[in-house]
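These notes concern the structure reproduced below.
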Number of protein chains: 2
Amino acid sequence: MPPETNDRPTAAEWKVLKIVYELGSCAAREVVEQAQESDGWSASTVKTLLRRLVDKGHLKARRIGTSFLYRPSRPIHTELRSSADALLERATEGAMGPLLQYLVKRSQLSDEELDQLQELIDRQRQEGRSDG
Amino acid sequence: MPPETNDRPTAAEWKVLKIVYELGSCAAREVVEQAQESDGWSASTVKTLLRRLVDKGHLKARRIGTSFLYRPSRPIHTELRSSADALLERATEGAMGPLLQYLVKRSQLSDEELDQLQELIDRQRQEGRSDG
DNA sequence: ACCAACCGTCTACATCTGTAGCCGACATCG
DNA sequence: CGATGTCGGCTACAGATGTAGACGGTTGGT
């Protein structure tokens with residue numbers, strides 16, 4: 001099993017990575033179009049970023065005739081957790097509470113998601129009690 | 001008022017920035033000590049990072065005799081929100097729910113923080129209803 | 001068979017990052 | 001006053017990043 005590279009995507013790479021996540025499985029051209037619209041990048045730029053993402057292991061490229069079909073190597077949750085970890089490392093004692101409030105506010109969660117978060121919070125209270 | 005530079009701290013810079021946040025207001029030497037312990041960085045490296053953080057506007061340096069007293073330019077929440085924004089930009093539709101669960105789990109919030117988050121969630125439900 | 005459109009590859013290059021050595025100024029201990 | 005330790009400043013430099021042009025192969029039309 002080719003090891004999951006752990007080199008994180010850079011900011012620019014994340015933009016195209018996100019596009020691929022949204023498109024699912026796609027050709028370079030589709031990504032180029034999207035990126036051109038949203039960021040004004042040239043085709044070359046996008047192609048370079050796609051290549052680097054493949055090199056780093058975030059994308060898989062499957063050859064189809066003359067071109068490639070790109071798709072994410074891992075579920076987006078895995079990638080996002082990696083970004084989230086950076087946040088956890090940066091937060092000082094007591095900073096996560098307010099930060100999470102900020103995130104929840106801006107996330108516009110659905111009722112269902114709010115319910116799930118709610119349940120998790122209840123569970124956390126339990127654990128907190130029994131844990132010290 | 002000198003404008004808040006919007007150049008975000010890099011990963012390495014964040015490490016020393018965090019140390020300064022934890023120490024409050026401190027001399028370079030204290031930061032160097034901490035960083036040496038936690039990351040094995042040379043004094044030079046830490047000094048470079050401090051300087052860059054000052055250049056970018058994340059730290060203020062006040063001259064005290066021959067040396068400097070460093071302190072954060074803004075509350076850590078402001079800096080963290082900036083990092084959090086990156087996360088929000090990266091998340092695709094429906095990805096924030098699970099991601100927030102992950103963050104809440106790893107954050108080990110206090111009962112008080114859990115209560116506040118809870119309240120916020122309740123408020124969010126209200127808004128969601130009236131908002132569509 | 002030829003030309004246009006398209007595709008991925010190679011190359012380029014200014015900047016930014018990570019990491020650190022060396023130096024001169026000042027201070028501190030004798 | 002001289003030796004020694006500190007401190008910030010300057011310089012360095014390899015590797016990562018952001019951004020893109022040029023090129024050669026292929027394909028689809030005519």
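Ligands are numbered from 1 in the order shown, chains are lettered A, B, ... in the order of the structure tokens, and residues start at 1 in each chain.
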
Dump as a list of chain:residue names the residues of chain B that approach chain C to within 10 Å, counting only C-alpha atoms (C1' of nucleotides).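 For chain B, the answer reads B:Thr10, B:Ala11, B:Ala12, B:Glu13, B:Trp41, B:Ser42, B:Ala43, B:Ser44, B:Thr45, B:Val46, B:Thr48, B:Leu49, B:Gly65, B:Thr66, B:Ser67.
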
Output the contact residues of chain D with respect to chain A at a cut-off of 12 Å, based on only C-alpha atoms (C1' of nucleotides), as number ranges by chain. D: 16-22, 25-27

Would you give me, as a PyMOL selection string, the residues in chain B that DSSP reads as strand (DSSP E or B)? chain B and resi 26-27+59-64+67-72

Would you save the residues of that selection, restricted to N, CA, C and O atoms, as a compact mmCIF listing (two decimals), in the first residue's frame?
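Dumped to part_7.txt:
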# COMPACT_ATOMS: atom_id res chain seq x y z
N CYS B 26 7.13 39.26 27.21
CA CYS B 26 8.37 38.58 27.56
C CYS B 26 9.58 39.01 26.73
O CYS B 26 9.44 39.64 25.69
N ALA B 27 10.73 38.63 27.23
CA ALA B 27 11.98 38.94 26.53
C ALA B 27 12.29 37.81 25.56
O ALA B 27 11.81 36.69 25.72
N LEU B 59 3.30 40.71 16.45
CA LEU B 59 3.90 41.04 17.75
C LEU B 59 4.32 42.50 17.76
O LEU B 59 4.64 43.09 16.72
N LYS B 60 4.32 43.05 18.96
CA LYS B 60 4.85 44.40 19.16
C LYS B 60 6.12 44.23 19.98
O LYS B 60 6.17 43.40 20.90
N ALA B 61 7.14 44.99 19.66
CA ALA B 61 8.38 44.92 20.42
C ALA B 61 8.63 46.29 21.05
O ALA B 61 8.63 47.30 20.36
N ARG B 62 8.83 46.28 22.37
CA ARG B 62 9.08 47.54 23.07
C ARG B 62 10.49 47.48 23.57
O ARG B 62 10.88 46.55 24.27
N ARG B 63 11.27 48.46 23.19
CA ARG B 63 12.69 48.46 23.59
C ARG B 63 12.84 48.71 25.09
O ARG B 63 12.28 49.67 25.63
N ILE B 64 13.62 47.87 25.74
CA ILE B 64 13.92 48.02 27.15
C ILE B 64 15.43 47.95 27.25
O ILE B 64 16.00 46.87 27.22
N SER B 67 17.58 45.36 25.16
CA SER B 67 16.79 44.30 24.55
C SER B 67 15.35 44.72 24.31
O SER B 67 15.00 45.88 24.42
N PHE B 68 14.53 43.76 23.97
CA PHE B 68 13.14 44.05 23.66
C PHE B 68 12.18 43.27 24.54
O PHE B 68 12.52 42.20 25.05
N LEU B 69 11.02 43.84 24.70
CA LEU B 69 9.96 43.13 25.39
C LEU B 69 8.91 42.87 24.32
O LEU B 69 8.43 43.81 23.67
N TYR B 70 8.60 41.61 24.11
CA TYR B 70 7.64 41.27 23.07
C TYR B 70 6.28 41.02 23.67
O TYR B 70 6.17 40.45 24.76
N ARG B 71 5.27 41.44 22.93
CA ARG B 71 3.91 41.10 23.36
C ARG B 71 3.03 41.04 22.12
O ARG B 71 3.30 41.71 21.12
N PRO B 72 1.97 40.24 22.20
CA PRO B 72 1.07 40.06 21.05
C PRO B 72 0.41 41.38 20.68
O PRO B 72 0.10 42.19 21.55

Go through chain A residue by residue and, counting only C-alpha atoms, keep those with an atom at most 9 Å from chain B; for each kept residue give the shortest atom pair and its distance in Å to one decimal, ordered by chain and increasing number, as JSON lines.
{"residue": "A:Ala11", "atom": "CA", "partner": "B:Ala86", "partner_atom": "CA", "distance": 8.4}
{"residue": "A:Trp14", "atom": "CA", "partner": "B:Arg90", "partner_atom": "CA", "distance": 6.8}
{"residue": "A:Lys15", "atom": "CA", "partner": "B:Arg90", "partner_atom": "CA", "distance": 7.3}
{"residue": "A:Leu17", "atom": "CA", "partner": "B:Arg90", "partner_atom": "CA", "distance": 8.8}
{"residue": "A:Lys18", "atom": "CA", "partner": "B:Arg90", "partner_atom": "CA", "distance": 6.4}
{"residue": "A:Tyr21", "atom": "CA", "partner": "B:Thr92", "partner_atom": "CA", "distance": 7.7}
{"residue": "A:Glu22", "atom": "CA", "partner": "B:Thr92", "partner_atom": "CA", "distance": 7.1}
{"residue": "A:Ile76", "atom": "CA", "partner": "B:Ala95", "partner_atom": "CA", "distance": 7.7}
{"residue": "A:His77", "atom": "CA", "partner": "B:Ala95", "partner_atom": "CA", "distance": 6.8}
{"residue": "A:Leu80", "atom": "CA", "partner": "B:Ala91", "partner_atom": "CA", "distance": 7.0}
{"residue": "A:Arg81", "atom": "CA", "partner": "B:Leu99", "partner_atom": "CA", "distance": 6.7}
{"residue": "A:Ser83", "atom": "CA", "partner": "B:Leu87", "partner_atom": "CA", "distance": 6.8}
{"residue": "A:Ala84", "atom": "CA", "partner": "B:Leu87", "partner_atom": "CA", "distance": 7.1}
{"residue": "A:Asp85", "atom": "CA", "partner": "B:Leu103", "partner_atom": "CA", "distance": 8.3}
{"residue": "A:Ala86", "atom": "CA", "partner": "B:Ala11", "partner_atom": "CA", "distance": 8.3}
{"residue": "A:Leu87", "atom": "CA", "partner": "B:Ser83", "partner_atom": "CA", "distance": 6.7}
{"residue": "A:Leu88", "atom": "CA", "partner": "B:Ser107", "partner_atom": "CA", "distance": 7.3}
{"residue": "A:Glu89", "atom": "CA", "partner": "B:Lys15", "partner_atom": "CA", "distance": 8.7}
{"residue": "A:Arg90", "atom": "CA", "partner": "B:Lys18", "partner_atom": "CA", "distance": 6.4}
{"residue": "A:Ala91", "atom": "CA", "partner": "B:Leu80", "partner_atom": "CA", "distance": 7.1}
{"residue": "A:Thr92", "atom": "CA", "partner": "B:Glu22", "partner_atom": "CA", "distance": 7.1}
{"residue": "A:Glu93", "atom": "CA", "partner": "B:Glu22", "partner_atom": "CA", "distance": 8.6}
{"residue": "A:Gly94", "atom": "CA", "partner": "B:Leu109", "partner_atom": "CA", "distance": 8.0}
{"residue": "A:Ala95", "atom": "CA", "partner": "B:His77", "partner_atom": "CA", "distance": 6.9}
{"residue": "A:Met96", "atom": "CA", "partner": "B:Ser107", "partner_atom": "CA", "distance": 6.5}
{"residue": "A:Gly97", "atom": "CA", "partner": "B:Glu113", "partner_atom": "CA", "distance": 5.5}
{"residue": "A:Pro98", "atom": "CA", "partner": "B:His77", "partner_atom": "CA", "distance": 7.6}
{"residue": "A:Leu99", "atom": "CA", "partner": "B:Arg81", "partner_atom": "CA", "distance": 6.7}
{"residue": "A:Leu100", "atom": "CA", "partner": "B:Val104", "partner_atom": "CA", "distance": 7.5}
{"residue": "A:Gln101", "atom": "CA", "partner": "B:Leu117", "partner_atom": "CA", "distance": 6.1}
{"residue": "A:Tyr102", "atom": "CA", "partner": "B:Arg81", "partner_atom": "CA", "distance": 7.6}
{"residue": "A:Leu103", "atom": "CA", "partner": "B:Ala84", "partner_atom": "CA", "distance": 7.1}
{"residue": "A:Val104", "atom": "CA", "partner": "B:Leu100", "partner_atom": "CA", "distance": 7.5}
{"residue": "A:Lys105", "atom": "CA", "partner": "B:Gln124", "partner_atom": "CA", "distance": 7.4}
{"residue": "A:Arg106", "atom": "CA", "partner": "B:Leu88", "partner_atom": "CA", "distance": 8.0}
{"residue": "A:Ser107", "atom": "CA", "partner": "B:Met96", "partner_atom": "CA", "distance": 6.5}
{"residue": "A:Gln108", "atom": "CA", "partner": "B:Gln124", "partner_atom": "CA", "distance": 8.0}
{"residue": "A:Leu109", "atom": "CA", "partner": "B:Gly97", "partner_atom": "CA", "distance": 6.6}
{"residue": "A:Ser110", "atom": "CA", "partner": "B:Gly128", "partner_atom": "CA", "distance": 7.6}
{"residue": "A:Asp111", "atom": "CA", "partner": "B:Arg125", "partner_atom": "CA", "distance": 6.4}
{"residue": "A:Glu113", "atom": "CA", "partner": "B:Gly97", "partner_atom": "CA", "distance": 5.5}
{"residue": "A:Leu114", "atom": "CA", "partner": "B:Ile121", "partner_atom": "CA", "distance": 6.5}
{"residue": "A:Asp115", "atom": "CA", "partner": "B:Ile121", "partner_atom": "CA", "distance": 8.6}
{"residue": "A:Gln116", "atom": "CA", "partner": "B:Gln101", "partner_atom": "CA", "distance": 8.2}
{"residue": "A:Leu117", "atom": "CA", "partner": "B:Gln101", "partner_atom": "CA", "distance": 6.1}
{"residue": "A:Gln118", "atom": "CA", "partner": "B:Gln118", "partner_atom": "CA", "distance": 6.7}
{"residue": "A:Leu120", "atom": "CA", "partner": "B:Gln101", "partner_atom": "CA", "distance": 7.1}
{"residue": "A:Ile121", "atom": "CA", "partner": "B:Leu114", "partner_atom": "CA", "distance": 6.5}
{"residue": "A:Asp122", "atom": "CA", "partner": "B:Leu114", "partner_atom": "CA", "distance": 8.4}
{"residue": "A:Gln124", "atom": "CA", "partner": "B:Lys105", "partner_atom": "CA", "distance": 7.4}
{"residue": "A:Arg125", "atom": "CA", "partner": "B:Asp111", "partner_atom": "CA", "distance": 6.4}
{"residue": "A:Gly128", "atom": "CA", "partner": "B:Asp111", "partner_atom": "CA", "distance": 7.4}
{"residue": "A:Arg129", "atom": "CA", "partner": "B:Asp111", "partner_atom": "CA", "distance": 8.6}

Looking only at helix (DSSP H, G or I) from DSSP on the backbone, list the matching residues of chain A as JSON, numbers by chain. {"A": [11, 12, 13, 14, 15, 16, 17, 18, 19, 20, 21, 22, 23, 28, 29, 30, 31, 32, 33, 34, 35, 36, 37, 38, 39, 43, 44, 45, 46, 47, 48, 49, 50, 51, 52, 53, 54, 55, 76, 77, 78, 79, 80, 81, 82, 83, 84, 85, 86, 87, 88, 89, 90, 96, 97, 98, 99, 100, 101, 102, 103, 104, 105, 106, 107, 111, 112, 113, 114, 115, 116, 117, 118, 119, 120, 121, 122, 123, 124, 125, 126, 127, 128, 129, 130, 131]}
